[in-house]
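See below for target.tsv, which holds TSV, C-alpha atoms.
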```
chain	number	residue	atom	x	y	z
A	1	MET	CA	-54.87	71.80	-47.61
A	2	LYS	CA	-57.01	71.59	-44.47
A	3	VAL	CA	-56.12	74.77	-42.65
A	4	THR	CA	-59.65	75.70	-41.67
A	5	ASP	CA	-60.85	72.63	-39.74
A	6	GLY	CA	-62.72	73.34	-36.54
A	7	ARG	CA	-62.49	77.11	-36.76
A	8	SER	CA	-65.21	79.73	-36.90
A	9	ALA	CA	-66.51	81.16	-40.18
A	10	ASP	CA	-64.85	84.49	-39.28
A	11	ALA	CA	-61.49	82.85	-38.71
A	12	ARG	CA	-61.83	80.99	-42.00
A	13	ARG	CA	-62.60	84.22	-43.84
A	14	ARG	CA	-59.58	85.91	-42.26
A	15	SER	CA	-57.44	82.94	-43.24
A	16	GLU	CA	-58.64	83.04	-46.81
A	17	ARG	CA	-58.07	86.80	-47.01
A	18	SER	CA	-54.52	86.34	-45.71
A	19	ARG	CA	-53.86	83.52	-48.14
A	20	LEU	CA	-54.98	85.61	-51.12
A	21	ALA	CA	-53.00	88.63	-49.91
A	22	ILE	CA	-49.89	86.47	-49.64
A	23	LEU	CA	-50.31	85.01	-53.14
A	24	GLU	CA	-50.93	88.44	-54.65
A	25	SER	CA	-47.94	89.93	-52.82
A	26	ALA	CA	-45.70	87.13	-54.08
A	27	THR	CA	-46.77	87.76	-57.69
A	28	GLU	CA	-46.18	91.49	-57.36
A	29	LEU	CA	-42.85	91.11	-55.62
A	30	VAL	CA	-41.38	88.65	-58.07
A	31	ARG	CA	-42.28	91.06	-60.87
A	32	GLU	CA	-40.61	93.95	-59.05
A	33	VAL	CA	-37.42	92.42	-57.66
A	34	GLY	CA	-37.06	89.00	-59.34
A	35	TYR	CA	-36.96	85.57	-57.79
A	36	GLU	CA	-33.50	85.66	-56.23
A	37	LYS	CA	-34.15	88.85	-54.30
A	38	MET	CA	-37.70	87.98	-53.27
A	39	THR	CA	-37.85	86.93	-49.60
A	40	ILE	CA	-40.53	85.43	-47.36
A	41	GLU	CA	-40.07	88.48	-45.10
A	42	ALA	CA	-40.90	90.90	-47.92
A	43	ILE	CA	-43.95	88.88	-48.98
A	44	ALA	CA	-45.20	88.88	-45.37
A	45	ALA	CA	-44.64	92.62	-44.96
A	46	ARG	CA	-46.52	93.44	-48.15
A	47	ALA	CA	-49.37	91.07	-47.35
A	48	GLY	CA	-49.65	92.46	-43.80
A	49	VAL	CA	-49.11	89.10	-42.12
A	50	GLY	CA	-46.36	87.69	-39.91
A	51	LYS	CA	-43.79	85.56	-41.65
A	52	GLN	CA	-44.74	82.62	-39.42
A	53	THR	CA	-48.15	82.70	-41.11
A	54	ILE	CA	-46.44	82.04	-44.42
A	55	TYR	CA	-44.18	79.34	-43.03
A	56	ARG	CA	-47.21	77.60	-41.50
A	57	TRP	CA	-48.69	77.12	-44.96
A	58	TRP	CA	-45.72	76.95	-47.33
A	59	PRO	CA	-42.22	75.44	-46.90
A	60	SER	CA	-40.40	77.87	-49.24
A	61	LYS	CA	-40.77	80.97	-51.41
A	62	GLY	CA	-40.85	78.67	-54.42
A	63	ALA	CA	-43.93	76.96	-53.01
A	64	VAL	CA	-45.68	80.32	-52.43
A	65	LEU	CA	-44.89	81.33	-55.98
A	66	PHE	CA	-46.20	78.04	-57.28
A	67	ASP	CA	-49.55	78.54	-55.56
A	68	SER	CA	-49.76	82.14	-56.74
A	69	PHE	CA	-49.22	80.90	-60.27
A	70	VAL	CA	-51.93	78.26	-59.90
A	71	ALA	CA	-54.29	80.92	-58.48
A	72	MET	CA	-53.51	83.26	-61.39
A	73	ASN	CA	-54.41	80.50	-63.86
A	74	GLU	CA	-57.61	79.62	-61.97
A	75	ASN	CA	-58.72	83.22	-62.21
A	76	GLY	CA	-58.10	83.27	-65.96
A	77	ALA	CA	-59.77	81.17	-68.60
A	78	GLU	CA	-60.11	77.45	-68.17
A	79	LEU	CA	-57.27	75.57	-69.84
A	80	ALA	CA	-58.80	75.48	-73.31
A	81	ALA	CA	-58.43	72.96	-76.05
A	82	LEU	CA	-55.93	73.91	-78.74
A	83	PRO	CA	-57.48	75.32	-81.93
A	84	ASP	CA	-58.53	72.71	-84.46
A	85	THR	CA	-59.15	74.08	-87.96
A	86	GLY	CA	-58.34	70.69	-89.43
A	87	ASP	CA	-54.85	71.85	-90.48
A	88	ILE	CA	-52.28	70.71	-87.91
A	89	GLU	CA	-49.46	72.78	-89.39
A	90	SER	CA	-51.23	76.14	-89.24
A	91	ASP	CA	-52.80	75.34	-85.85
A	92	LEU	CA	-49.41	74.54	-84.31
A	93	LYS	CA	-47.90	77.68	-85.79
A	94	ALA	CA	-50.73	79.78	-84.33
A	95	VAL	CA	-50.42	78.20	-80.89
A	96	LEU	CA	-46.65	78.69	-80.74
A	97	ALA	CA	-46.97	82.29	-81.99
A	98	ALA	CA	-49.38	82.95	-79.09
A	99	THR	CA	-46.89	81.39	-76.66
A	100	VAL	CA	-44.16	83.62	-78.08
A	101	ASP	CA	-46.35	86.66	-77.32
A	102	GLU	CA	-46.82	85.49	-73.72
A	103	LEU	CA	-43.11	84.84	-73.21
A	104	ASN	CA	-42.31	88.31	-74.55
A	105	ASP	CA	-44.71	89.90	-72.04
A	106	PRO	CA	-42.90	90.77	-68.78
A	107	LEU	CA	-46.12	90.31	-66.78
A	108	TYR	CA	-46.00	86.65	-67.75
A	109	ASP	CA	-42.28	86.15	-68.34
A	110	VAL	CA	-41.08	87.17	-64.90
A	111	PRO	CA	-43.24	84.95	-62.64
A	112	MET	CA	-43.10	82.03	-65.10
A	113	ARG	CA	-39.31	82.24	-65.28
A	114	ALA	CA	-39.15	82.38	-61.50
A	115	LEU	CA	-41.41	79.35	-61.25
A	116	ASN	CA	-39.18	77.43	-63.64
A	117	THR	CA	-36.14	78.37	-61.58
A	118	ALA	CA	-37.84	77.09	-58.45
A	119	ILE	CA	-38.88	73.86	-60.16
A	120	SER	CA	-35.40	73.20	-61.47
A	121	ASN	CA	-34.00	73.43	-57.94
A	122	ASP	CA	-36.74	71.69	-55.96
A	123	GLU	CA	-37.82	68.11	-56.69
A	124	ALA	CA	-40.97	68.27	-54.56
A	125	LEU	CA	-42.14	71.41	-56.33
A	126	ALA	CA	-41.29	69.84	-59.70
A	127	ALA	CA	-43.52	66.86	-58.85
A	128	GLN	CA	-46.35	69.19	-57.86
A	129	TYR	CA	-45.92	71.22	-61.05
A	130	GLU	CA	-45.93	68.03	-63.08
A	131	GLU	CA	-49.23	66.94	-61.52
A	132	TRP	CA	-51.13	70.24	-61.43
A	133	LEU	CA	-49.95	72.12	-64.50
A	134	GLU	CA	-47.66	70.19	-66.82
A	135	THR	CA	-49.77	67.02	-67.11
A	136	PRO	CA	-53.08	68.81	-67.90
A	137	MET	CA	-51.30	71.06	-70.43
A	138	ARG	CA	-49.65	68.04	-72.03
A	139	GLU	CA	-53.04	66.29	-72.25
A	140	VAL	CA	-54.48	69.28	-74.15
A	141	LYS	CA	-51.56	69.18	-76.60
A	142	ARG	CA	-51.80	65.41	-76.97
A	143	ARG	CA	-55.52	65.61	-77.84
A	144	ARG	CA	-54.81	68.00	-80.71
A	145	LEU	CA	-52.00	65.83	-82.08
A	146	GLN	CA	-54.18	62.73	-81.65
A	147	ALA	CA	-56.90	64.38	-83.78
A	148	ALA	CA	-54.28	65.09	-86.47
A	149	GLN	CA	-53.08	61.50	-86.28
A	150	ASP	CA	-56.66	60.23	-86.54
A	151	ALA	CA	-57.17	62.51	-89.56
A	152	GLY	CA	-54.13	60.95	-91.25
A	153	GLN	CA	-51.98	64.10	-91.03
A	154	LEU	CA	-49.43	62.58	-88.67
A	155	SER	CA	-47.83	59.21	-89.16
A	156	PRO	CA	-49.57	56.43	-87.17
A	157	ALA	CA	-46.13	55.41	-85.86
A	158	VAL	CA	-45.49	58.75	-84.15
A	159	ASP	CA	-45.11	58.76	-80.38
A	160	LEU	CA	-47.19	61.81	-79.48
A	161	ASP	CA	-45.28	62.46	-76.25
A	162	ILE	CA	-42.04	62.74	-78.17
A	163	ALA	CA	-43.78	64.95	-80.74
A	164	ILE	CA	-44.92	67.30	-77.95
A	165	ASP	CA	-41.34	67.58	-76.65
A	166	LEU	CA	-40.01	68.33	-80.14
A	167	ILE	CA	-42.63	70.98	-80.89
A	168	TRP	CA	-42.66	72.83	-77.56
A	169	GLY	CA	-39.18	72.04	-76.18
A	170	PRO	CA	-36.94	74.25	-78.33
A	171	LEU	CA	-38.98	77.42	-77.69
A	172	LEU	CA	-38.96	76.83	-73.93
A	173	ASN	CA	-35.21	76.26	-74.00
A	174	ARG	CA	-34.51	79.37	-76.01
A	175	TRP	CA	-36.66	81.34	-73.57
A	176	LEU	CA	-35.07	79.94	-70.40
A	177	GLN	CA	-31.50	80.05	-71.66
A	178	ARG	CA	-32.00	83.42	-73.38
A	179	SER	CA	-30.14	81.94	-76.33
A	180	GLY	CA	-31.93	83.71	-79.18
A	181	PRO	CA	-34.84	85.93	-80.17
A	182	LEU	CA	-38.36	84.67	-79.45
A	183	ASN	CA	-40.51	85.18	-82.53
A	184	SER	CA	-42.81	83.29	-84.86
A	185	THR	CA	-40.14	83.07	-87.57
A	186	TYR	CA	-38.31	80.74	-85.20
A	187	THR	CA	-41.36	78.74	-84.11
A	188	ASN	CA	-42.61	78.36	-87.71
A	189	ARG	CA	-39.26	76.83	-88.65
A	190	ILE	CA	-39.50	74.50	-85.66
A	191	VAL	CA	-42.95	73.30	-86.72
A	192	ASP	CA	-41.86	72.81	-90.35
A	193	SER	CA	-38.76	70.85	-89.33
A	194	VAL	CA	-40.58	68.62	-86.85
A	195	LEU	CA	-43.37	67.81	-89.27
A	196	ASP	CA	-41.02	67.02	-92.16
A	197	GLY	CA	-37.95	65.65	-90.43
A	198	ILE	CA	-34.39	66.36	-91.45
A	199	ARG	CA	-33.20	63.15	-93.04
A	200	ALA	CA	-32.47	63.26	-96.76
A	201	ARG	CA	-34.91	61.19	-98.81
B	1	MET	CA	-9.72	91.14	-66.43
B	2	LYS	CA	-6.71	93.26	-65.53
B	3	VAL	CA	-6.46	92.87	-61.78
B	4	THR	CA	-2.71	92.42	-61.68
B	5	ASP	CA	-1.42	95.59	-63.36
B	6	GLY	CA	1.46	97.30	-61.66
B	7	ARG	CA	1.73	94.86	-58.80
B	8	SER	CA	4.61	92.67	-57.71
B	9	ALA	CA	4.95	89.07	-58.80
B	10	ASP	CA	4.19	88.01	-55.21
B	11	ALA	CA	0.96	89.99	-55.13
B	12	ARG	CA	-0.06	88.52	-58.46
B	13	ARG	CA	0.60	85.00	-57.20
B	14	ARG	CA	-1.45	85.72	-54.07
B	15	SER	CA	-4.25	87.10	-56.24
B	16	GLU	CA	-4.26	84.06	-58.48
B	17	ARG	CA	-4.24	81.72	-55.46
B	18	SER	CA	-7.23	83.60	-54.01
B	19	ARG	CA	-9.06	83.49	-57.32
B	20	LEU	CA	-8.59	79.73	-57.64
B	21	ALA	CA	-9.59	79.18	-54.00
B	22	ILE	CA	-12.77	81.19	-54.57
B	23	LEU	CA	-13.71	79.27	-57.72
B	24	GLU	CA	-13.03	75.93	-56.05
B	25	SER	CA	-15.03	76.93	-52.97
B	26	ALA	CA	-17.97	77.98	-55.12
B	27	THR	CA	-18.00	74.62	-56.91
B	28	GLU	CA	-17.83	72.72	-53.62
B	29	LEU	CA	-20.49	74.84	-51.93
B	30	VAL	CA	-23.03	74.65	-54.71
B	31	ARG	CA	-22.65	70.85	-54.61
B	32	GLU	CA	-23.19	70.80	-50.84
B	33	VAL	CA	-25.99	73.30	-50.30
B	34	GLY	CA	-27.39	74.12	-53.75
B	35	TYR	CA	-27.55	77.43	-55.57
B	36	GLU	CA	-30.29	79.14	-53.56
B	37	LYS	CA	-28.53	78.61	-50.23
B	38	MET	CA	-25.04	79.38	-51.47
B	39	THR	CA	-23.91	82.85	-50.37
B	40	ILE	CA	-20.94	85.07	-51.19
B	41	GLU	CA	-20.17	85.09	-47.44
B	42	ALA	CA	-19.90	81.29	-47.33
B	43	ILE	CA	-17.72	81.19	-50.45
B	44	ALA	CA	-15.42	83.82	-48.91
B	45	ALA	CA	-15.20	81.96	-45.58
B	46	ARG	CA	-14.31	78.67	-47.26
B	47	ALA	CA	-11.78	80.29	-49.59
B	48	GLY	CA	-10.18	82.16	-46.67
B	49	VAL	CA	-10.69	85.59	-48.22
B	50	GLY	CA	-12.79	88.60	-47.26
B	51	LYS	CA	-16.09	88.95	-49.04
B	52	GLN	CA	-14.96	92.31	-50.44
B	53	THR	CA	-12.30	90.41	-52.38
B	54	ILE	CA	-15.06	88.49	-54.12
B	55	TYR	CA	-17.17	91.57	-54.77
B	56	ARG	CA	-14.12	93.31	-56.26
B	57	TRP	CA	-13.92	90.66	-58.98
B	58	TRP	CA	-17.48	89.40	-59.43
B	59	PRO	CA	-20.85	91.20	-59.27
B	60	SER	CA	-22.89	88.20	-58.05
B	61	LYS	CA	-22.73	84.58	-56.91
B	62	GLY	CA	-23.98	83.59	-60.37
B	63	ALA	CA	-20.94	85.25	-61.92
B	64	VAL	CA	-18.58	83.38	-59.54
B	65	LEU	CA	-20.28	80.14	-60.42
B	66	PHE	CA	-19.99	80.90	-64.10
B	67	ASP	CA	-16.23	81.40	-63.85
B	68	SER	CA	-15.82	78.28	-61.74
B	69	PHE	CA	-17.63	76.35	-64.43
B	70	VAL	CA	-15.41	77.80	-67.14
B	71	ALA	CA	-12.33	76.95	-65.06
B	72	MET	CA	-13.59	73.38	-64.55
B	73	ASN	CA	-13.97	72.97	-68.31
B	74	GLU	CA	-10.54	74.47	-68.99
B	75	ASN	CA	-9.00	71.94	-66.66
B	76	GLY	CA	-10.74	69.10	-68.45
B	77	ALA	CA	-10.32	68.02	-72.03
B	78	GLU	CA	-10.52	70.52	-74.86
B	79	LEU	CA	-14.00	70.76	-76.31
B	80	ALA	CA	-13.67	67.88	-78.72
B	81	ALA	CA	-15.32	67.30	-82.06
B	82	LEU	CA	-18.34	65.01	-81.96
B	83	PRO	CA	-17.67	61.43	-83.05
B	84	ASP	CA	-17.89	60.84	-86.79
B	85	THR	CA	-18.19	57.19	-87.80
B	86	GLY	CA	-19.98	58.22	-90.98
B	87	ASP	CA	-23.39	57.25	-89.53
B	88	ILE	CA	-25.17	60.36	-88.24
B	89	GLU	CA	-27.94	58.41	-86.51
B	90	SER	CA	-25.70	56.23	-84.38
B	91	ASP	CA	-23.29	59.09	-83.68
B	92	LEU	CA	-26.09	61.34	-82.39
B	93	LYS	CA	-27.46	58.53	-80.25
B	94	ALA	CA	-24.02	57.94	-78.75
B	95	VAL	CA	-23.48	61.65	-78.02
B	96	LEU	CA	-26.88	62.06	-76.36
B	97	ALA	CA	-26.39	58.88	-74.32
B	98	ALA	CA	-23.13	60.34	-73.01
B	99	THR	CA	-24.93	63.59	-72.13
B	100	VAL	CA	-27.57	61.57	-70.28
B	101	ASP	CA	-24.80	59.98	-68.21
B	102	GLU	CA	-23.40	63.42	-67.33
B	103	LEU	CA	-26.81	64.82	-66.38
B	104	ASN	CA	-27.43	61.80	-64.14
B	105	ASP	CA	-24.13	62.42	-62.32
B	106	PRO	CA	-24.67	64.73	-59.30
B	107	LEU	CA	-21.10	66.07	-59.61
B	108	TYR	CA	-22.09	67.52	-62.96
B	109	ASP	CA	-25.84	67.97	-62.48
B	110	VAL	CA	-25.71	70.25	-59.45
B	111	PRO	CA	-23.33	72.99	-60.64
B	112	MET	CA	-24.69	72.85	-64.21
B	113	ARG	CA	-28.27	73.20	-62.95
B	114	ALA	CA	-27.21	76.10	-60.74
B	115	LEU	CA	-25.51	77.75	-63.69
B	116	ASN	CA	-28.66	77.40	-65.78
B	117	THR	CA	-30.70	78.95	-62.97
B	118	ALA	CA	-28.33	81.89	-62.83
B	119	ILE	CA	-28.42	82.33	-66.61
B	120	SER	CA	-32.18	82.26	-66.72
B	121	ASN	CA	-32.35	85.11	-64.20
B	122	ASP	CA	-29.44	87.26	-65.37
B	123	GLU	CA	-29.24	88.66	-68.90
B	124	ALA	CA	-25.59	89.74	-68.64
B	125	LEU	CA	-24.56	86.27	-67.49
B	126	ALA	CA	-26.66	84.72	-70.27
B	127	ALA	CA	-24.80	86.81	-72.86
B	128	GLN	CA	-21.46	85.73	-71.39
B	129	TYR	CA	-22.54	82.08	-71.38
B	130	GLU	CA	-23.67	82.42	-74.98
B	131	GLU	CA	-20.29	83.77	-76.03
B	132	TRP	CA	-17.95	81.56	-74.01
B	133	LEU	CA	-19.71	78.21	-73.80
B	134	GLU	CA	-22.90	77.92	-75.84
B	135	THR	CA	-21.53	79.25	-79.14
B	136	PRO	CA	-18.40	77.03	-79.21
B	137	MET	CA	-20.49	73.97	-78.24
B	138	ARG	CA	-23.03	74.80	-80.95
B	139	GLU	CA	-20.21	75.13	-83.49
B	140	VAL	CA	-18.99	71.62	-82.64
B	141	LYS	CA	-22.51	70.25	-83.11
B	142	ARG	CA	-23.00	72.17	-86.35
B	143	ARG	CA	-19.78	70.79	-87.82
B	144	ARG	CA	-20.96	67.20	-87.27
B	145	LEU	CA	-24.37	67.90	-88.82
B	146	GLN	CA	-22.71	69.74	-91.70
B	147	ALA	CA	-20.58	66.67	-92.42
B	148	ALA	CA	-23.75	64.55	-92.48
B	149	GLN	CA	-25.40	67.05	-94.81
B	150	ASP	CA	-22.32	67.03	-97.09
B	151	ALA	CA	-22.45	63.23	-97.09
B	152	GLY	CA	-26.07	63.34	-98.24
B	153	GLN	CA	-27.51	61.95	-94.99
B	154	LEU	CA	-29.39	65.12	-94.10
B	155	SER	CA	-31.58	67.04	-96.49
B	156	PRO	CA	-29.78	69.97	-98.15
B	157	ALA	CA	-32.73	72.19	-97.15
B	158	VAL	CA	-32.24	71.59	-93.41
B	159	ASP	CA	-31.42	74.61	-91.25
B	160	LEU	CA	-28.70	73.13	-89.06
B	161	ASP	CA	-29.37	75.57	-86.20
B	162	ILE	CA	-32.96	74.42	-85.98
B	163	ALA	CA	-31.79	70.81	-86.18
B	164	ILE	CA	-29.46	71.37	-83.22
B	165	ASP	CA	-32.35	72.80	-81.16
B	166	LEU	CA	-34.58	69.84	-82.03
B	167	ILE	CA	-31.95	67.23	-81.20
B	168	TRP	CA	-30.55	68.72	-77.98
B	169	GLY	CA	-33.50	70.83	-76.73
B	170	PRO	CA	-35.92	68.18	-75.45
B	171	LEU	CA	-33.30	66.45	-73.29
B	172	LEU	CA	-32.21	69.75	-71.71
B	173	ASN	CA	-35.84	70.62	-71.01
B	174	ARG	CA	-36.62	67.30	-69.43
B	175	TRP	CA	-33.53	67.68	-67.27
B	176	LEU	CA	-34.24	71.26	-66.16
B	177	GLN	CA	-37.97	70.77	-65.63
B	178	ARG	CA	-37.50	67.32	-64.05
B	179	SER	CA	-40.40	66.19	-66.23
B	180	GLY	CA	-39.34	62.63	-66.95
B	181	PRO	CA	-36.57	60.05	-66.65
B	182	LEU	CA	-33.26	60.80	-68.37
B	183	ASN	CA	-32.14	57.74	-70.29
B	184	SER	CA	-31.04	56.69	-73.75
B	185	THR	CA	-34.42	55.12	-74.53
B	186	TYR	CA	-35.76	58.66	-74.52
B	187	THR	CA	-32.89	60.25	-76.45
B	188	ASN	CA	-32.91	57.47	-79.08
B	189	ARG	CA	-36.58	58.17	-79.73
B	190	ILE	CA	-35.81	61.89	-80.02
B	191	VAL	CA	-33.10	61.23	-82.61
B	192	ASP	CA	-35.35	58.86	-84.59
B	193	SER	CA	-38.24	61.34	-84.60
B	194	VAL	CA	-36.11	64.33	-85.60
B	195	LEU	CA	-34.40	62.45	-88.41
B	196	ASP	CA	-37.62	61.06	-89.84
B	197	GLY	CA	-40.18	63.75	-89.00
B	198	ILE	CA	-43.71	63.08	-87.84
B	199	ARG	CA	-45.84	63.97	-90.85
B	200	ALA	CA	-47.70	61.11	-92.52
B	201	ARG	CA	-46.38	60.37	-96.02
```

What is this structure when it is put down as structure tokens?
Amino acid sequence: MKVTDGRSADARRRSERSRLAILESATELVREVGYEKMTIEAIAARAGVGKQTIYRWWPSKGAVLFDSFVAMNENGAELAALPDTGDIESDLKAVLAATVDELNDPLYDVPMRALNTAISNDEALAAQYEEWLETPMREVKRRRLQAAQDAGQLSPAVDLDIAIDLIWGPLLNRWLQRSGPLNSTYTNRIVDSVLDGIRAR
Amino acid sequence: MKVTDGRSADARRRSERSRLAILESATELVREVGYEKMTIEAIAARAGVGKQTIYRWWPSKGAVLFDSFVAMNENGAELAALPDTGDIESDLKAVLAATVDELNDPLYDVPMRALNTAISNDEALAAQYEEWLETPMREVKRRRLQAAQDAGQLSPAVDLDIAIDLIWGPLLNRWLQRSGPLNSTYTNRIVDSVLDGIRAR
């Protein structure tokens, strides 16, 4: 986003400070009041900027939240590869157990749930999410499954994109729909069922 | 909900007319402006009632929407059994293809997406959804899978609740996250992969 063209170094620094203050305020606010009650006005007030400053850079509160989520991830670790001990079953169970821990942590649950709400109701944001977050995460998952396929642990006929949806989809659904407890007992059963299938043999 | 106790038949009829007008207005509004922009004020104006009337019966716009969705389903067909031709694979593919058609229909997509948004952000509403809609739907699905298990088409070891999550979860995720096209090519591949599993044999 070229917001700094042709301006002085001081103005650019002020801009960047405002941008970071806005993103931080959005993250804090969504944790405190939830997505529905979070407003652009409240974000502006907390960040110490006018609300027009926010509207100049972002079209909606969902878009602010999206960027604050991207910034949060940039500040954390690089998107790592999934663990590869050579045993696809135990690696998948470990990865999903770690995701369960994240989803049970309000610091992560609240903004991530809000982001999913925004995505579900905003096609432009969904496309941006797809490009910036979902596609790189999917690539990381696909590489681990590909290694298992290459090692002969997964059938050569398996469509890895479908496999990703089967392994990660049910947990995300249960989380978003609040339709059952999030724990590794559940995710272990998911992994077992996906690996082995359900048809009688 | 006992809102009619001790009142005249006329007052009860007026109450019921207001209630139906409110539910109908909520369904129309969410289709026109979406969930985020729908307000209690606008629902009240369209229904020709004061907004206090709405707040007397419902705590939030999500709760109104929930009841309008329940009412819509009550007016439609009874929740039917899933088709049972004796072939679990083709029956599941037919059921998911029909769900794909519904999710691609804006008349269904918009209020259902709004309801899912509300559920994701409201634990009380999620519990109500679980009891009134999710559990009966899950029971219908379980009965069809149970019949397949009894007929020897599914492994006796299969946990049918996990199977339901694997079969229906990925489509719901793709719909809510807008992460790919909704069509029967996709759902057929889901059914094939769940039935057969992905582990090399």

At a cut-off of 8 Å, which residues of chain B touch chain A? Count only C-alpha atoms and give the answer as number ranges by chain.
B: 34-36, 113-114, 116-117, 119-121, 123, 126-127, 130, 152-156, 158, 162-163, 165-166, 169-170, 172-173, 176-179, 189-190, 193-201

As a check of understanding: the span from atom CA of Leu92 of chain B to atom CA of Gln146 of chain B is 13.0 Å

Just the residues within 12 Å of Pro59 of chain A, please, counting only C-alpha atoms, with nothing from its chain fewer than 6 positions along; format it as a PyMOL selection string.
chain A and resi 40+51-53+65-67+122+124-125

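Going from atom CA of Glu28 of chain B to atom CA of Pro111 of chain B covers 8.9 Å.
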
Tell me, in Å to one decimal, how far atom CA of Glu32 of chain A is from atom CA of Glu41 of chain B.
25.1 Å

Would you mind telling me which residue in B:Arg144, B:Arg31, B:Arg56, B:Arg12 lies nearest to Gly86 of chain B when using all atoms listed in the file?
B:Arg144

Smallest atom-to-atom distance to Glu131 of chain A: which of A:Leu103, A:Val70, A:Leu29, A:Ala9, using all atoms listed in the file?
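Residue with the minimum atom-to-atom distance to Glu131 of chain A: A:Val70.
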
Can you pull out the residues contacting Ser25 of chain A? Cut-off 7 Å, using all atoms listed in the file, and skip same-chain residues under 4 positions away; I want them as a PyMOL selection string.
chain A and resi 21+29+43+46-47

Because some atoms of segment 29-34 of chain B are absent here, can you restore all heavy atoms and send them as a short mmCIF file (atom, residue, chain, number, x, y, z; two decimals), in the coordinates of the input?
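The resulting file, part_9.cif, is shown below:
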```
data_model
loop_
_atom_site.label_atom_id
_atom_site.label_comp_id
_atom_site.auth_asym_id
_atom_site.auth_seq_id
_atom_site.Cartn_x
_atom_site.Cartn_y
_atom_site.Cartn_z
N LEU B 29 -19.31 74.40 -52.68
CA LEU B 29 -20.49 74.84 -51.93
C LEU B 29 -21.78 74.57 -52.67
O LEU B 29 -22.77 74.14 -52.08
CB LEU B 29 -20.38 76.33 -51.63
CG LEU B 29 -19.84 76.68 -50.26
CD1 LEU B 29 -19.66 78.18 -50.15
CD2 LEU B 29 -20.77 76.18 -49.14
N VAL B 30 -21.78 74.84 -53.98
CA VAL B 30 -23.03 74.65 -54.71
C VAL B 30 -23.40 73.16 -54.70
O VAL B 30 -24.57 72.81 -54.65
CB VAL B 30 -22.93 75.22 -56.14
CG1 VAL B 30 -22.18 74.31 -57.08
CG2 VAL B 30 -24.33 75.51 -56.69
N ARG B 31 -22.38 72.29 -54.70
CA ARG B 31 -22.65 70.85 -54.61
C ARG B 31 -23.22 70.47 -53.25
O ARG B 31 -24.03 69.57 -53.13
CB ARG B 31 -21.39 70.04 -54.89
CG ARG B 31 -21.05 70.01 -56.37
CD ARG B 31 -19.74 69.30 -56.66
NE ARG B 31 -19.53 69.27 -58.11
CZ ARG B 31 -18.33 69.20 -58.70
NH1 ARG B 31 -17.24 69.13 -57.98
NH2 ARG B 31 -18.24 69.20 -60.00
N GLU B 32 -22.76 71.17 -52.21
CA GLU B 32 -23.19 70.80 -50.84
C GLU B 32 -24.54 71.38 -50.47
O GLU B 32 -25.35 70.72 -49.84
CB GLU B 32 -22.13 71.25 -49.83
CG GLU B 32 -20.85 70.42 -49.92
CD GLU B 32 -19.72 71.02 -49.08
OE1 GLU B 32 -20.02 71.78 -48.14
OE2 GLU B 32 -18.56 70.72 -49.38
N VAL B 33 -24.76 72.66 -50.81
CA VAL B 33 -25.99 73.30 -50.30
C VAL B 33 -26.94 73.77 -51.40
O VAL B 33 -28.06 74.20 -51.11
CB VAL B 33 -25.66 74.52 -49.39
CG1 VAL B 33 -24.74 74.09 -48.26
CG2 VAL B 33 -25.05 75.67 -50.17
N GLY B 34 -26.52 73.66 -52.66
CA GLY B 34 -27.39 74.12 -53.75
C GLY B 34 -27.23 75.62 -54.00
O GLY B 34 -26.66 76.34 -53.19
#
```
